[in-house]
Structures are given as C-alpha cells and as structure tokens.
>>> print(open('model22.txt').read())   # compact mmCIF, C-alpha atoms
# COMPACT_ATOMS: atom_id res chain seq x y z
CA MET X 6 -37.52 -34.31 26.93
CA LYS X 7 -34.12 -35.53 25.77
CA LYS X 8 -34.29 -33.26 22.74
CA LEU X 9 -35.10 -30.27 24.92
CA PHE X 10 -32.23 -31.16 27.24
CA ALA X 11 -29.89 -31.50 24.28
CA ILE X 12 -30.87 -28.11 22.92
CA ILE X 13 -30.40 -26.43 26.31
CA LEU X 14 -27.04 -28.15 26.78
CA PHE X 15 -25.91 -27.20 23.28
CA PHE X 16 -26.59 -23.51 23.82
CA ALA X 17 -25.03 -23.65 27.28
CA LEU X 18 -21.79 -25.13 25.97
CA ALA X 19 -21.56 -23.47 22.58
CA GLN X 20 -19.11 -20.57 22.60
CA PRO X 21 -20.23 -17.24 21.18
CA ALA X 22 -18.55 -16.51 17.84
CA PHE X 23 -16.07 -13.75 18.67
CA ALA X 24 -13.59 -12.72 15.99
CA ASP X 25 -10.03 -13.66 16.85
CA ASN X 26 -6.99 -12.26 15.12
CA ILE X 27 -3.97 -14.01 13.70
CA THR X 28 -0.90 -12.18 12.45
CA VAL X 29 1.23 -14.28 10.13
CA TYR X 30 4.81 -13.63 9.01
CA PRO X 31 6.84 -14.97 6.07
CA GLU X 32 9.78 -17.22 6.89
CA ALA X 33 13.25 -15.80 7.08
CA HIS X 34 16.10 -17.05 4.89
CA LEU X 35 16.33 -20.88 5.00
CA ALA X 36 12.59 -20.91 4.35
CA VAL X 37 11.02 -24.31 3.83
CA THR X 38 7.36 -23.30 3.68
CA ALA X 39 6.74 -19.65 2.84
CA GLY X 40 9.53 -17.18 2.08
CA ASP X 41 9.73 -13.74 0.48
CA GLY X 42 11.90 -12.13 -2.16
CA ASN X 43 12.00 -10.09 -5.32
CA VAL X 44 12.50 -10.92 -8.97
CA ASN X 45 13.88 -8.56 -11.59
CA ASN X 46 14.04 -8.07 -15.31
CA ASN X 47 17.30 -6.14 -15.38
CA THR X 48 18.05 -6.04 -19.10
CA THR X 49 19.45 -3.06 -21.00
CA GLY X 50 17.48 -1.16 -23.67
CA GLN X 51 14.09 -2.84 -23.53
CA THR X 52 10.81 -1.35 -24.69
CA TRP X 53 8.01 -1.08 -22.17
CA ALA X 54 6.36 -4.23 -23.53
CA GLN X 55 9.62 -6.16 -23.31
CA LYS X 56 10.25 -4.86 -19.84
CA ARG X 57 6.79 -5.58 -18.46
CA ASP X 58 6.10 -8.91 -20.12
CA GLY X 59 9.64 -10.21 -20.53
CA ALA X 60 11.39 -12.79 -18.42
CA GLY X 61 12.87 -12.49 -14.96
CA VAL X 62 16.65 -12.68 -14.91
CA GLY X 63 17.53 -12.43 -11.22
CA VAL X 64 16.17 -12.87 -7.71
CA ILE X 65 16.96 -11.70 -4.20
CA ASN X 66 15.60 -13.76 -1.32
CA ASN X 67 18.13 -13.61 1.49
CA THR X 68 18.69 -9.94 2.25
CA ALA X 69 17.31 -7.95 5.17
CA GLN X 70 15.96 -5.27 2.85
CA MET X 71 15.01 -5.29 -0.79
CA HIS X 72 13.19 -3.41 -3.52
CA PHE X 73 9.49 -4.15 -3.24
CA TRP X 74 9.15 -2.54 -6.67
CA LYS X 75 11.40 -0.51 -8.95
CA LEU X 76 11.42 0.89 -12.50
CA GLN X 77 14.62 2.36 -13.91
CA ASP X 78 14.83 4.26 -17.21
CA ASN X 79 17.53 3.50 -19.76
CA THR X 80 18.40 5.19 -23.08
CA THR X 81 15.66 7.18 -24.83
CA ASN X 82 12.28 5.48 -24.50
CA THR X 83 13.76 2.27 -23.16
CA TRP X 84 13.94 0.81 -19.67
CA GLN X 85 16.70 -0.90 -17.72
CA ALA X 86 15.15 -2.61 -14.72
CA LEU X 87 11.74 -3.59 -13.43
CA ILE X 88 11.61 -5.32 -10.04
CA ARG X 89 8.58 -6.99 -8.42
CA SER X 90 8.34 -8.74 -5.06
CA ILE X 91 6.42 -11.67 -3.58
CA PHE X 92 5.44 -12.33 0.03
CA ASN X 93 4.28 -15.80 1.04
CA PHE X 94 2.42 -16.38 4.31
CA ASP X 95 1.68 -19.82 5.77
CA THR X 96 -1.93 -19.16 6.80
CA SER X 97 -2.77 -22.81 7.47
CA ALA X 98 -3.17 -22.10 11.19
CA LEU X 99 -6.55 -20.56 10.34
CA GLY X 100 -8.05 -23.97 9.69
CA ALA X 101 -10.52 -24.98 7.03
CA GLY X 102 -13.55 -23.98 9.09
CA ALA X 103 -12.46 -20.38 9.71
CA THR X 104 -14.54 -17.44 8.51
CA ILE X 105 -12.41 -14.44 7.57
CA SER X 106 -13.95 -11.04 8.21
CA SER X 107 -11.09 -8.62 7.48
CA SER X 108 -7.39 -8.55 6.77
CA THR X 109 -4.49 -6.13 6.48
CA LEU X 110 -1.12 -6.64 4.81
CA SER X 111 1.69 -4.45 6.12
CA LEU X 112 5.14 -3.76 4.69
CA SER X 113 7.76 -1.68 6.45
CA GLY X 114 9.29 0.88 4.07
CA ASN X 115 12.87 2.13 4.24
CA GLU X 116 13.10 4.35 1.19
CA LYS X 117 11.03 5.54 -1.73
CA ALA X 118 11.99 7.52 -4.81
CA ASN X 119 10.31 9.21 -7.75
CA GLY X 120 13.36 10.14 -9.78
CA ASN X 121 11.68 9.48 -13.12
CA ASN X 122 8.60 11.47 -12.13
CA ILE X 123 6.03 8.70 -12.56
CA SER X 124 4.67 8.68 -8.96
CA PRO X 125 3.96 4.94 -8.71
CA SER X 126 1.00 3.79 -6.62
CA PHE X 127 0.58 0.45 -4.88
CA SER X 128 -2.14 -1.99 -3.99
CA ILE X 129 -1.95 -5.69 -3.16
CA SER X 130 -2.52 -8.37 -5.74
CA THR X 131 -2.14 -12.11 -5.87
CA SER X 132 0.92 -13.96 -6.98
CA THR X 133 1.20 -17.55 -8.16
CA PRO X 134 4.86 -18.43 -7.77
CA ALA X 135 5.99 -21.87 -8.88
CA SER X 136 7.26 -22.50 -5.37
CA LYS X 137 6.02 -20.62 -2.34
CA ILE X 138 9.19 -21.43 -0.49
CA GLN X 139 11.63 -19.30 -2.45
CA VAL X 140 11.09 -16.75 -5.20
CA ALA X 141 12.54 -17.76 -8.58
CA THR X 142 13.17 -15.95 -11.87
CA GLY X 143 10.19 -17.69 -13.44
CA ASP X 144 7.88 -15.91 -10.99
CA TYR X 145 8.43 -12.53 -12.67
CA ASN X 146 5.17 -12.86 -14.59
CA SER X 147 3.19 -14.56 -11.83
CA MET X 148 1.58 -11.36 -10.54
CA GLY X 149 -2.14 -10.69 -10.82
CA ASN X 150 -3.42 -7.35 -12.05
CA THR X 151 -6.51 -6.96 -9.87
CA ALA X 152 -6.37 -4.68 -6.83
CA MET X 153 -7.11 -6.82 -3.75
CA ALA X 154 -6.90 -3.87 -1.35
CA ASN X 155 -6.88 -0.10 -1.18
CA THR X 156 -4.32 1.76 -3.29
CA ILE X 157 -1.63 3.86 -1.62
CA THR X 158 -0.48 6.81 -3.71
CA TYR X 159 3.19 7.71 -3.93
CA ALA X 160 2.55 10.77 -1.78
CA ASN X 161 1.10 8.60 0.98
CA LEU X 162 3.64 5.81 0.68
CA SER X 163 5.90 5.64 3.71
CA GLY X 164 9.60 5.17 3.22
CA THR X 165 10.20 4.99 6.96
CA THR X 166 7.38 3.05 8.65
CA TYR X 167 4.76 0.39 7.96
CA ASN X 168 2.46 0.77 4.97
CA ARG X 169 -0.88 -0.99 5.53
CA TRP X 170 -3.30 -2.27 2.93
CA THR X 171 -6.83 -3.34 3.88
CA PHE X 172 -8.12 -6.23 1.80
CA ASN X 173 -11.35 -6.02 -0.18
CA ALA X 174 -13.67 -9.00 -0.64
CA ALA X 175 -11.59 -10.31 -3.53
CA GLY X 176 -8.49 -10.12 -1.39
CA LEU X 177 -10.11 -11.92 1.53
CA ALA X 178 -11.11 -14.71 -0.82
CA GLU X 179 -7.46 -15.21 -1.79
CA ILE X 180 -6.33 -16.02 1.76
CA SER X 181 -5.79 -19.75 2.07
CA LYS X 182 -7.16 -21.31 5.25
CA THR X 183 -5.20 -24.51 4.85
CA GLY X 184 -2.01 -23.56 3.03
CA VAL X 185 0.19 -20.68 1.91
CA SER X 186 -1.16 -17.31 0.73
CA SER X 187 0.92 -15.39 -1.82
CA PHE X 188 0.67 -11.66 -2.42
CA THR X 189 2.58 -8.90 -4.16
CA PRO X 190 2.65 -5.14 -3.61
CA ARG X 191 1.43 -4.36 -7.12
CA GLU X 192 2.18 -1.09 -8.88
CA MET X 193 -1.25 0.03 -10.07
CA SER X 194 -0.57 3.08 -12.28
CA TYR X 195 1.67 1.48 -14.94
CA ASP X 196 2.72 -2.10 -14.21
CA ALA X 197 -0.65 -3.75 -13.48
CA PRO X 198 -2.74 -1.87 -16.11
CA ASN X 199 0.09 -2.09 -18.70
CA THR X 200 0.30 1.66 -19.21
CA ALA X 201 3.68 2.74 -20.53
CA PRO X 202 5.16 5.48 -18.37
CA THR X 203 6.66 8.58 -19.93
CA TRP X 204 10.41 8.13 -20.30
CA TYR X 205 12.29 10.65 -18.16
CA GLY X 206 16.04 10.13 -18.48
CA ASP X 207 18.74 7.48 -18.53
CA GLY X 208 19.27 6.10 -15.04
CA ALA X 209 16.27 7.83 -13.49
CA GLN X 210 14.28 5.49 -11.26
CA ALA X 211 11.22 5.16 -9.07
CA TYR X 212 11.21 2.60 -6.31
CA PHE X 213 9.69 1.35 -3.08
CA TYR X 214 12.27 -0.28 -0.80
CA GLY X 215 11.84 -1.91 2.60
CA ASP X 216 12.31 -4.68 5.17
CA THR X 217 12.02 -8.39 4.48
CA ALA X 218 11.43 -11.36 6.75
CA ASP X 219 15.20 -11.75 6.91
CA GLN X 220 15.50 -8.53 8.89
CA THR X 221 17.08 -8.94 12.33
CA GLY X 222 14.49 -9.04 15.12
CA THR X 223 10.74 -9.11 14.58
CA ALA X 224 9.70 -5.45 14.78
CA ASN X 225 9.76 -4.70 11.03
CA ASP X 226 8.77 -7.98 9.42
CA PRO X 227 6.18 -8.12 6.66
CA GLU X 228 2.90 -9.16 8.26
CA LEU X 229 -0.55 -10.37 7.29
CA SER X 230 -3.14 -9.64 9.98
CA ILE X 231 -6.43 -11.53 9.72
CA ASP X 232 -9.62 -11.16 11.76
CA TYR X 233 -11.51 -14.43 11.72
CA THR X 234 -13.97 -16.65 13.50
CA ALA X 235 -12.61 -20.10 14.15
CA GLY X 236 -14.46 -23.16 12.97
CA ALA X 237 -17.00 -24.43 15.53
CA ALA X 238 -15.43 -26.54 18.25
CA ILE X 239 -18.69 -28.45 18.58
CA THR X 240 -19.36 -29.61 15.07
CA THR X 241 -22.08 -32.19 15.54
CA LEU X 242 -24.41 -33.30 18.25
CA SER X 243 -25.65 -36.82 18.20
CA GLN X 244 -27.43 -39.13 20.55
CA GLU X 245 -26.53 -42.68 21.47
CA SER X 246 -28.73 -44.60 23.88
CA ASP X 247 -29.35 -42.38 26.88
CA PHE X 248 -26.11 -40.41 26.52
CA LEU X 249 -25.52 -37.28 24.54
CA ILE X 250 -22.29 -37.42 22.57
CA PHE X 251 -20.44 -34.29 21.52
CA GLU X 252 -18.12 -34.84 18.58
CA MET T 20 60.16 -30.45 36.67
CA ILE T 21 58.45 -33.06 34.50
CA GLU T 22 55.07 -32.06 35.92
CA GLN T 23 55.71 -28.44 34.98
CA GLN T 24 56.62 -29.49 31.44
CA ILE T 25 53.41 -31.54 31.16
CA ILE T 26 51.33 -28.59 32.34
CA LEU T 27 53.09 -26.35 29.85
CA ILE T 28 52.45 -28.81 27.01
CA LYS T 29 48.76 -29.06 28.01
CA LYS T 30 48.44 -25.28 27.93
CA LEU T 31 50.06 -25.14 24.52
CA LEU T 32 47.69 -27.84 23.23
CA VAL T 33 44.66 -25.89 24.48
CA LEU T 34 45.88 -22.72 22.79
CA LEU T 35 46.60 -24.64 19.59
CA THR T 36 43.10 -26.18 19.61
CA LEU T 37 41.52 -22.77 20.10
CA ALA T 38 43.58 -21.28 17.30
CA VAL T 39 42.60 -24.08 14.89
CA SER T 40 38.95 -23.67 15.91
CA MET T 41 39.05 -19.94 15.17
CA LEU T 42 40.66 -20.54 11.78
CA GLN T 43 38.04 -23.14 10.87
CA ASN T 44 35.08 -20.99 11.98
CA PRO T 45 36.05 -17.38 11.28
CA ALA T 46 32.42 -16.27 10.86
CA GLN T 47 31.14 -17.68 14.13
CA THR T 48 32.15 -14.79 16.28
CA THR T 49 29.97 -12.90 18.67
CA GLU T 50 29.86 -9.17 19.10
CA ASN T 51 31.95 -9.74 22.21
CA PRO T 52 34.03 -12.92 21.86
CA MET T 53 35.62 -12.34 25.26
CA GLN T 54 32.29 -12.58 27.03
CA PHE T 55 31.97 -16.35 27.04
CA GLY T 56 35.04 -18.23 28.11
CA GLY T 57 37.66 -15.60 27.52
CA LEU T 58 40.34 -15.49 24.84
CA GLY T 59 39.51 -17.42 21.70
CA ALA T 60 36.13 -18.69 22.86
CA VAL T 61 33.68 -19.12 20.02
CA THR T 62 29.98 -18.70 20.72
CA LYS T 63 27.26 -19.24 18.16
CA LEU T 64 24.46 -16.72 17.94
CA THR T 65 20.77 -17.52 18.09
CA ASP T 66 17.51 -15.72 17.37
CA TYR T 67 13.83 -16.37 16.88
CA LYS T 68 11.28 -15.41 14.27
CA LEU T 69 7.51 -15.59 14.49
CA TRP T 70 5.29 -17.78 12.35
CA TYR T 71 2.08 -16.42 13.82
CA VAL T 72 0.55 -14.62 16.80
CA LYS T 73 -3.08 -15.28 17.79
CA ARG T 74 -5.12 -12.78 19.76
CA TYR T 75 -8.61 -12.72 21.25
CA ASP T 76 -10.93 -9.97 20.13
CA ASP T 77 -9.89 -7.93 23.18
CA GLY T 78 -6.31 -7.94 21.94
CA LYS T 79 -4.87 -10.38 24.46
CA ILE T 80 -2.36 -12.82 22.99
CA TYR T 81 -3.22 -16.47 23.58
CA GLU T 82 -1.01 -18.48 21.21
CA VAL T 83 2.30 -17.89 19.45
CA ALA T 84 4.25 -20.09 17.03
CA VAL T 85 8.01 -19.48 17.03
CA ARG T 86 10.94 -20.65 14.93
CA PHE T 87 14.45 -20.72 16.43
CA TYR T 88 17.64 -20.25 14.44
CA GLU T 89 21.40 -20.37 14.77
CA GLY T 90 23.65 -17.99 12.90
CA ALA T 91 26.60 -15.65 12.94
CA ILE T 92 27.61 -12.14 12.07
CA THR T 93 29.10 -12.35 8.62
CA THR T 94 30.03 -10.05 5.76
CA GLU T 95 28.44 -10.73 2.39
CA ASN T 96 27.61 -8.72 -0.70
CA GLU T 97 24.05 -7.41 -0.82
CA ASP T 98 22.04 -5.10 -3.06
CA VAL T 99 21.97 -2.03 -0.84
CA MET T 100 20.04 1.19 -1.36
CA ARG T 101 21.94 4.23 -0.16
CA SER T 102 21.05 7.79 -1.13
CA GLY T 103 18.93 6.56 -4.00
CA VAL T 104 21.69 4.46 -5.54
CA SER T 105 21.39 0.70 -5.60
CA THR T 106 24.80 -0.95 -5.34
CA ILE T 107 26.21 -4.34 -4.51
CA THR T 108 27.97 -3.66 -1.23
CA PRO T 109 29.59 -5.82 1.48
CA VAL T 110 27.18 -5.88 4.42
CA THR T 111 28.12 -7.10 7.90
CA ARG T 112 25.11 -8.34 9.83
CA TYR T 113 23.61 -11.37 11.56
CA ARG T 114 22.73 -14.14 9.13
CA ARG T 115 20.90 -17.35 9.93
CA SER T 116 22.70 -20.54 8.95
CA LYS T 117 20.52 -23.19 10.55
CA ARG T 118 16.94 -23.76 11.63
CA LEU T 119 17.04 -25.40 15.06
CA THR T 120 15.13 -28.59 15.78
CA LYS T 121 13.62 -29.25 19.18
CA THR T 122 16.44 -31.63 20.12
CA GLU T 123 18.90 -28.80 19.55
CA ILE T 124 17.12 -26.47 21.98
CA PRO T 125 16.50 -28.67 25.03
CA HIS T 126 16.12 -25.57 27.20
CA ILE T 127 12.84 -24.88 25.40
CA PRO T 128 10.16 -27.15 26.88
CA GLU T 129 7.26 -28.75 25.04
CA LYS T 130 5.08 -28.12 23.17
CA PHE T 131 6.30 -28.29 19.59
CA ILE T 132 4.25 -28.94 16.50
CA LYS T 133 5.33 -29.88 13.00
CA GLU T 134 4.84 -27.48 10.13
CA THR T 135 3.67 -28.89 6.83
CA SER T 136 7.37 -28.93 5.93
CA GLY T 137 8.05 -31.26 8.87
CA ASN T 138 10.07 -28.65 10.77
CA ASP T 139 9.60 -28.09 14.49
CA VAL T 140 7.74 -24.99 15.59
CA LYS T 141 7.48 -24.07 19.26
CA ILE T 142 3.98 -23.21 20.46
CA TYR T 143 3.65 -20.89 23.45
CA THR T 144 0.32 -20.14 25.07
CA SER T 145 -0.89 -17.78 27.77
CA ASN T 146 -0.03 -20.55 30.24
CA ASP T 147 3.59 -19.76 29.39
CA PHE T 148 3.63 -15.97 29.03
CA GLY T 149 0.66 -14.92 31.16
CA VAL T 150 -1.73 -12.12 30.26
CA ILE T 151 -0.09 -9.95 27.62
CA SER T 152 -1.34 -7.87 24.72
CA THR T 153 1.49 -5.99 23.09
CA ASN T 154 4.26 -7.11 20.76
CA GLU T 155 6.76 -5.56 23.18
CA GLN T 156 5.51 -7.77 26.02
CA LEU T 157 5.74 -10.79 23.74
CA ARG T 158 9.29 -9.91 22.72
CA THR T 159 10.31 -9.52 26.37
CA PHE T 160 9.00 -13.02 27.10
CA LEU T 161 10.60 -14.59 24.02
CA ASN T 162 13.90 -12.83 24.72
CA SER T 163 13.90 -14.44 28.17
CA GLU T 164 13.30 -17.82 26.56
CA LEU T 165 16.19 -17.22 24.18
CA SER T 166 18.50 -16.32 27.06
CA LYS T 167 18.10 -19.85 28.51
CA ASP T 168 20.26 -21.25 25.70
CA ILE T 169 23.61 -22.14 27.29
CA ASN T 170 25.19 -23.09 23.97
CA ARG T 171 24.43 -19.93 22.02
CA GLU T 172 24.27 -16.21 22.64
CA PRO T 173 21.12 -14.27 21.72
CA ILE T 174 21.56 -11.61 19.06
CA ALA T 175 21.83 -8.10 20.48
CA GLN T 176 18.34 -7.16 19.24
CA GLN T 177 16.76 -9.99 21.23
CA LYS T 178 18.39 -9.48 24.60
CA ASN T 179 16.39 -8.14 27.50
CA LEU T 180 18.20 -5.17 28.97
>>> encode(input="model22.txt", output="structure tokens")
Amino acid sequence: MKKLFAIILFFALAQPAFADNITVYPEAHLAVTAGDGNVNNNTTGQTWAQKRDGAGVGVINNTAQMHFWKLQDNTTNTWQALIRSIFNFDTSALGAGATISSSTLSLSGNEKANGNNISPSFSISTSTPASKIQVATGDYNSMGNTAMANTITYANLSGTTYNRWTFNAAGLAEISKTGVSSFTPREMSYDAPNTAPTWYGDGAQAYFYGDTADQTGTANDPELSIDYTAGAAITTLSQESDFLIFE
Amino acid sequence: MIEQQIILIKKLLVLLTLAVSMLQNPAQTTENPMQFGGLGAVTKLTDYKLWYVKRYDDGKIYEVAVRFYEGAITTENEDVMRSGVSTITPVTRYRRSKRLTKTEIPHIPEKFIKETSGNDVKIYTSNDFGVISTNEQLRTFLNSELSKDINREPIAQQKNL
C-alpha cells in the first residue's frame, strides 16, 4: 500500500520535462570568467603554411567590434595577416544534470569583404584557449577543424545583422554544463581544411567583422542559445519509517 | 564685512576643489556634465551586461543574471574597420573601468549569487519583472533598475525614454 501511495505521489509531484531555454553571453572587458577576443598572425611575407600554422603575434580583447576572421594578401604568393576569434560562454548555469536538445550561436556582423576573391565560408568549431578569461597570442592555434554547426557561405553571411549557426550533435556535446564553453567562427573553405587560397594581390583582403561583448548595450552581443531540460528536481525517493522522504 | 569675506573664501575653495577634481578625473565626464549638480559636477556612468537569460518553453522569461559596471566615455586607439580599411583610430565611446560589487550598488536589492570567479551577479526572477517575454521588455525593466543608482548616471543606451 505504501509503495502504491509512493508511486502515485511521485507522479503527482514530478514535473513534466519541458525544454527550457538559456541564452548565455560572453563577459565584457574586465572579464574574470569568460571573455571574447581575436588573435592575429600579422607577419609580412609568409607562405600559406607559415601563416596558417605559425604563431599568434597580437590580440584584441577590449574593443566593441573586431575582426571575427580575416585573411590579407601580401607580396606575390605570400600573406600578411590571418585573424581568428574566440568566444567564451560561462554555461555553468545549465547544471550537471541538464539534457541539451539544441543550440544556436549568433554573432552580429558589421562588415564583410571579399577583396581577394576567396569567398570565405564559416561554421562553428571548438577552441581550447589557455585561459577562457582573456584571449592570448598563444591561442592562435587552439582552433578545432571540425564543423560543429551549419556552414554559412560568404553570399549568405550578414555584415549588418546577426548570423546564426545551429549546432550539430558534435557541437552540442562540446557545450559544458558545469563550466565555460569555448567556440570560434571557423573559416571552412581554406583555414580549417588547410587549403591554400589563390593569391590575388598585395593588400587584398577578405574578412568578417562584427560586435563583441564589449559593445555598448546588450542588443548586439554574441550569444549562445541553448534548449535544455533541467536535471530532475526530485532525484531520489526513499522511505523512512512511515514517512516518505523526497531528497 | 568679515562674514562676507568668509563666504567669498568658502566659494573660492569649492570652485578650487571642483577644478582639482576635474583635472584629476578628466575621463569621468557624462554626456551632459551640467545635468547633475551644475558646473563642474562629475558623474560616473554605469551600465549592465547579461550573463544569461532563462526562458520557459513558451518563451516567458523567468530568471536573469546581470552584471553591473562603472565606466566613462573615453578616447582610446582601436582597430577600426571603415570602408574596408582597418586602421588604428582614436575612438570615443563608453568604456567599463570597474565591475561593481553588491555593496557598491545598494539600490539593487537581493538576491546576488557568486560566479565561479567569486564576483557578484544579480539574479532577477519573474517576481521582480513580472510576466515578460521579449528582450525589449527585459531591457525596459533593467533600465529602470539602473536608473535607481543615485551615484552614477546610466549610459544613454540604457535609459528608458
């Protein structure tokens, strides 16, 4: 009888598992947990291999806008600058018991360019920066090469509004439920697959430029939207003496 | 006669103090320095940024985590993209100089939680802002919270009109 009562009570009190949503934002400048920024290899006259796999030489992490990605040509068959960016999100508010069902990462674009005629395309990939608080030069080579979301072609890339990437299963698995999640808008035609672009002309550049977490206000911040089911509020049901105890 | 001289000296001291204050804090000016206290008054700016916004599956917001900052409008060099050319250019805009702790924003009531970094984050729930769904409704509520700060002026972008 007690078992039957317990079962009835459990189903009466247990909440149906509706998917909630949490939208998480990187920290603005003065970040102490999860900031954003870009890292560049701005070095004259490098081959593609040197440019792609070389070392970062500079960072930007306190401006309201920045290059999310950029490739600038230099003298014949060499490159001047390659810039990559990292966005850290403190997703610990999900909680260890959360079940993630879908997620979208959105970046607000301000400008795009295809001056060197390479038409870059972008997906989302992971990043493993040494510190998730502030981007550092050593993070230049911390980007993964696997597409964790859909790919947006240059033609469909917005230089004026939000660009939204929907995560695939691999991307969902990279979202931390107890800590900070790090992602990069990864260029998928040349940078990630290591395919040398055709040199176009000295100074010519392709780029994707937009708003950072340091932007004034909150309307254009980078954002990670996650649909999830929270961990069960009633985790165990036990019985002591004649009383049912919910823990 | 002596009383008049004392009053005059007091006025001069006040003006001198204000002048020294302005020289020591040239960046801490508001968009309208005359608005609070008249000539020479210096008011710090404040703003908020979101850590997260939680919604039910019907879109209604039920919990928000907010960080509050203090800053000023300053001019600094930034890498700016204009007409396809990236240049280091002086940019005048609001910049945050300090993350505010809960003791520094007494006008904001409980409840605060600690981030993993140990910093204070203000938690608002639907008990505070009522039934809302849109980001615009949330901003209107948070702007009203920001306006309660008697020591700082909200940035222009976070003032309710």
>>> interface_residues(input="model22.txt", of="chain T", to="chain X", cutoff="6 Å", atoms="all atoms listed in the file", output="PyMOL selection string")
chain T and resi 70-76+176
>>> residues_around(input="model22.txt", residues="Thr131 (chain X)", least_positions_apart="6", cutoff="9 Å", atoms="all atoms listed in the file", output="ChimeraX atom specification")
/X:91,147-153,176,179,186-191
>>> write_last_selection(input="model22.txt", atoms="C-alpha atoms", output="compact mmCIF listing (two decimals), keeping the file's coordinate frame")
# COMPACT_ATOMS: atom_id res chain seq x y z
CA ILE X 91 6.42 -11.67 -3.58
CA SER X 147 3.19 -14.56 -11.83
CA MET X 148 1.58 -11.36 -10.54
CA GLY X 149 -2.14 -10.69 -10.82
CA ASN X 150 -3.42 -7.35 -12.05
CA THR X 151 -6.51 -6.96 -9.87
CA ALA X 152 -6.37 -4.68 -6.83
CA MET X 153 -7.11 -6.82 -3.75
CA GLY X 176 -8.49 -10.12 -1.39
CA GLU X 179 -7.46 -15.21 -1.79
CA SER X 186 -1.16 -17.31 0.73
CA SER X 187 0.92 -15.39 -1.82
CA PHE X 188 0.67 -11.66 -2.42
CA THR X 189 2.58 -8.90 -4.16
CA PRO X 190 2.65 -5.14 -3.61
CA ARG X 191 1.43 -4.36 -7.12
>>> atom_distance(input="model22.txt", atom1="CA of Thr109 (chain X)", atom2="CA of Val44 (chain X)")
23.5 Å
>>> atom_distance(input="model22.txt", atom1="CA of Lys63 (chain T)", atom2="CA of Thr111 (chain T)")
15.9 Å
>>> residues_around(input="model22.txt", residues="Gln177 (chain T)", least_positions_apart="4", cutoff="12 Å", atoms="all atoms listed in the file", output="list of chain:residue names")
X:Thr221, X:Gly222, X:Thr223, X:Ala224, T:Leu64, T:Thr65, T:Asp66, T:Tyr67, T:Lys68, T:Phe87, T:Tyr113, T:Glu155, T:Leu157, T:Arg158, T:Thr159, T:Phe160, T:Leu161, T:Asn162, T:Ser163, T:Glu164, T:Leu165, T:Ser166, T:Glu172, T:Pro173
>>> atom_distance(input="model22.txt", atom1="CA of Trp204 (chain X)", atom2="CA of Asp78 (chain X)")
6.6 Å
>>> closest_residue(input="model22.txt", among="X:Ala201, X:Val185, X:Ala54, X:Ile88", to="Ser136 (chain X)", atoms="only C-alpha atoms")
X:Val185
>>> residues_around(input="model22.txt", residues="Trp170 (chain X)", least_positions_apart="3", cutoff="10 Å", atoms="only C-alpha atoms", output="list of chain:residue names")
X:Ser108, X:Thr109, X:Leu110, X:Ser111, X:Leu112, X:Phe127, X:Ser128, X:Ile129, X:Met153, X:Ala154, X:Asn155, X:Thr156, X:Ile157, X:Tyr167, X:Asn173, X:Pro190, X:Leu229
>>> axis_aligned_box(input="model22.txt", around="region 66-73 of chain T", padding_each_side="5 Å", output="lines of an AutoDock Vina configuration file")
center_x = 7.2
center_y = -16.2
center_z = 15.1
size_x = 30.6
size_y = 13.2
size_z = 15.4
>>> residues_around(input="model22.txt", residues="Asn82 (chain X)", least_positions_apart="3", cutoff="10 Å", atoms="only C-alpha atoms", output="VMD selection string")
chain X and resid 50 to 53 78 to 79 201 to 207
>>> closest_residue(input="model22.txt", among="X:Asn43, X:Ala101, X:Thr171, X:Asn121", to="Leu76 (chain X)", atoms="all atoms listed in the file")
X:Asn121
>>> decode(input="model22.txt", residues="region 150-162 of chain T", atoms="N, CA, C and O atoms", output="mmCIF file, in the first residue's frame")
data_model
loop_
_atom_site.group_PDB
_atom_site.id
_atom_site.type_symbol
_atom_site.label_atom_id
_atom_site.label_comp_id
_atom_site.auth_asym_id
_atom_site.auth_seq_id
_atom_site.Cartn_x
_atom_site.Cartn_y
_atom_site.Cartn_z
ATOM 1 N N VAL T 150 5.497 39.224 -15.801
ATOM 2 C CA VAL T 150 5.386 38.317 -16.947
ATOM 3 C C VAL T 150 5.881 39.041 -18.189
ATOM 4 O O VAL T 150 5.215 39.939 -18.711
ATOM 5 N N ILE T 151 7.067 38.667 -18.643
ATOM 6 C CA ILE T 151 7.622 39.281 -19.851
ATOM 7 C C ILE T 151 8.214 38.187 -20.733
ATOM 8 O O ILE T 151 8.567 37.104 -20.247
ATOM 9 N N SER T 152 8.336 38.489 -22.011
ATOM 10 C CA SER T 152 8.878 37.512 -22.951
ATOM 11 C C SER T 152 9.996 38.068 -23.815
ATOM 12 O O SER T 152 10.911 37.342 -24.193
ATOM 13 N N THR T 153 9.931 39.335 -24.137
ATOM 14 C CA THR T 153 10.865 39.866 -25.134
ATOM 15 C C THR T 153 12.096 40.507 -24.486
ATOM 16 O O THR T 153 12.064 40.945 -23.336
ATOM 17 N N ASN T 154 13.159 40.587 -25.280
ATOM 18 C CA ASN T 154 14.374 41.249 -24.806
ATOM 19 C C ASN T 154 14.114 42.728 -24.548
ATOM 20 O O ASN T 154 14.708 43.330 -23.652
ATOM 21 N N GLU T 155 13.214 43.326 -25.337
ATOM 22 C CA GLU T 155 12.906 44.745 -25.160
ATOM 23 C C GLU T 155 12.233 44.977 -23.801
ATOM 24 O O GLU T 155 12.543 45.940 -23.098
ATOM 25 N N GLN T 156 11.318 44.088 -23.427
ATOM 26 C CA GLN T 156 10.673 44.200 -22.113
ATOM 27 C C GLN T 156 11.696 44.043 -20.992
ATOM 28 O O GLN T 156 11.649 44.745 -19.982
ATOM 29 N N LEU T 157 12.628 43.114 -21.196
ATOM 30 C CA LEU T 157 13.665 42.900 -20.185
ATOM 31 C C LEU T 157 14.547 44.131 -20.064
ATOM 32 O O LEU T 157 14.868 44.577 -18.944
ATOM 33 N N ARG T 158 14.918 44.717 -21.196
ATOM 34 C CA ARG T 158 15.763 45.910 -21.162
ATOM 35 C C ARG T 158 15.044 47.062 -20.459
ATOM 36 O O ARG T 158 15.659 47.808 -19.693
ATOM 37 N N THR T 159 13.763 47.206 -20.721
ATOM 38 C CA THR T 159 12.993 48.284 -20.063
ATOM 39 C C THR T 159 13.043 48.113 -18.549
ATOM 40 O O THR T 159 13.253 49.079 -17.812
ATOM 41 N N PHE T 160 12.875 46.869 -18.089
ATOM 42 C CA PHE T 160 12.935 46.612 -16.648
ATOM 43 C C PHE T 160 14.336 46.900 -16.097
ATOM 44 O O PHE T 160 14.487 47.592 -15.080
ATOM 45 N N LEU T 161 15.359 46.381 -16.771
ATOM 46 C CA LEU T 161 16.729 46.562 -16.267
ATOM 47 C C LEU T 161 17.149 48.035 -16.329
ATOM 48 O O LEU T 161 17.878 48.507 -15.453
ATOM 49 N N ASN T 162 16.696 48.743 -17.351
ATOM 50 C CA ASN T 162 16.983 50.181 -17.415
ATOM 51 C C ASN T 162 16.393 50.898 -16.202
ATOM 52 O O ASN T 162 17.014 51.816 -15.648
#
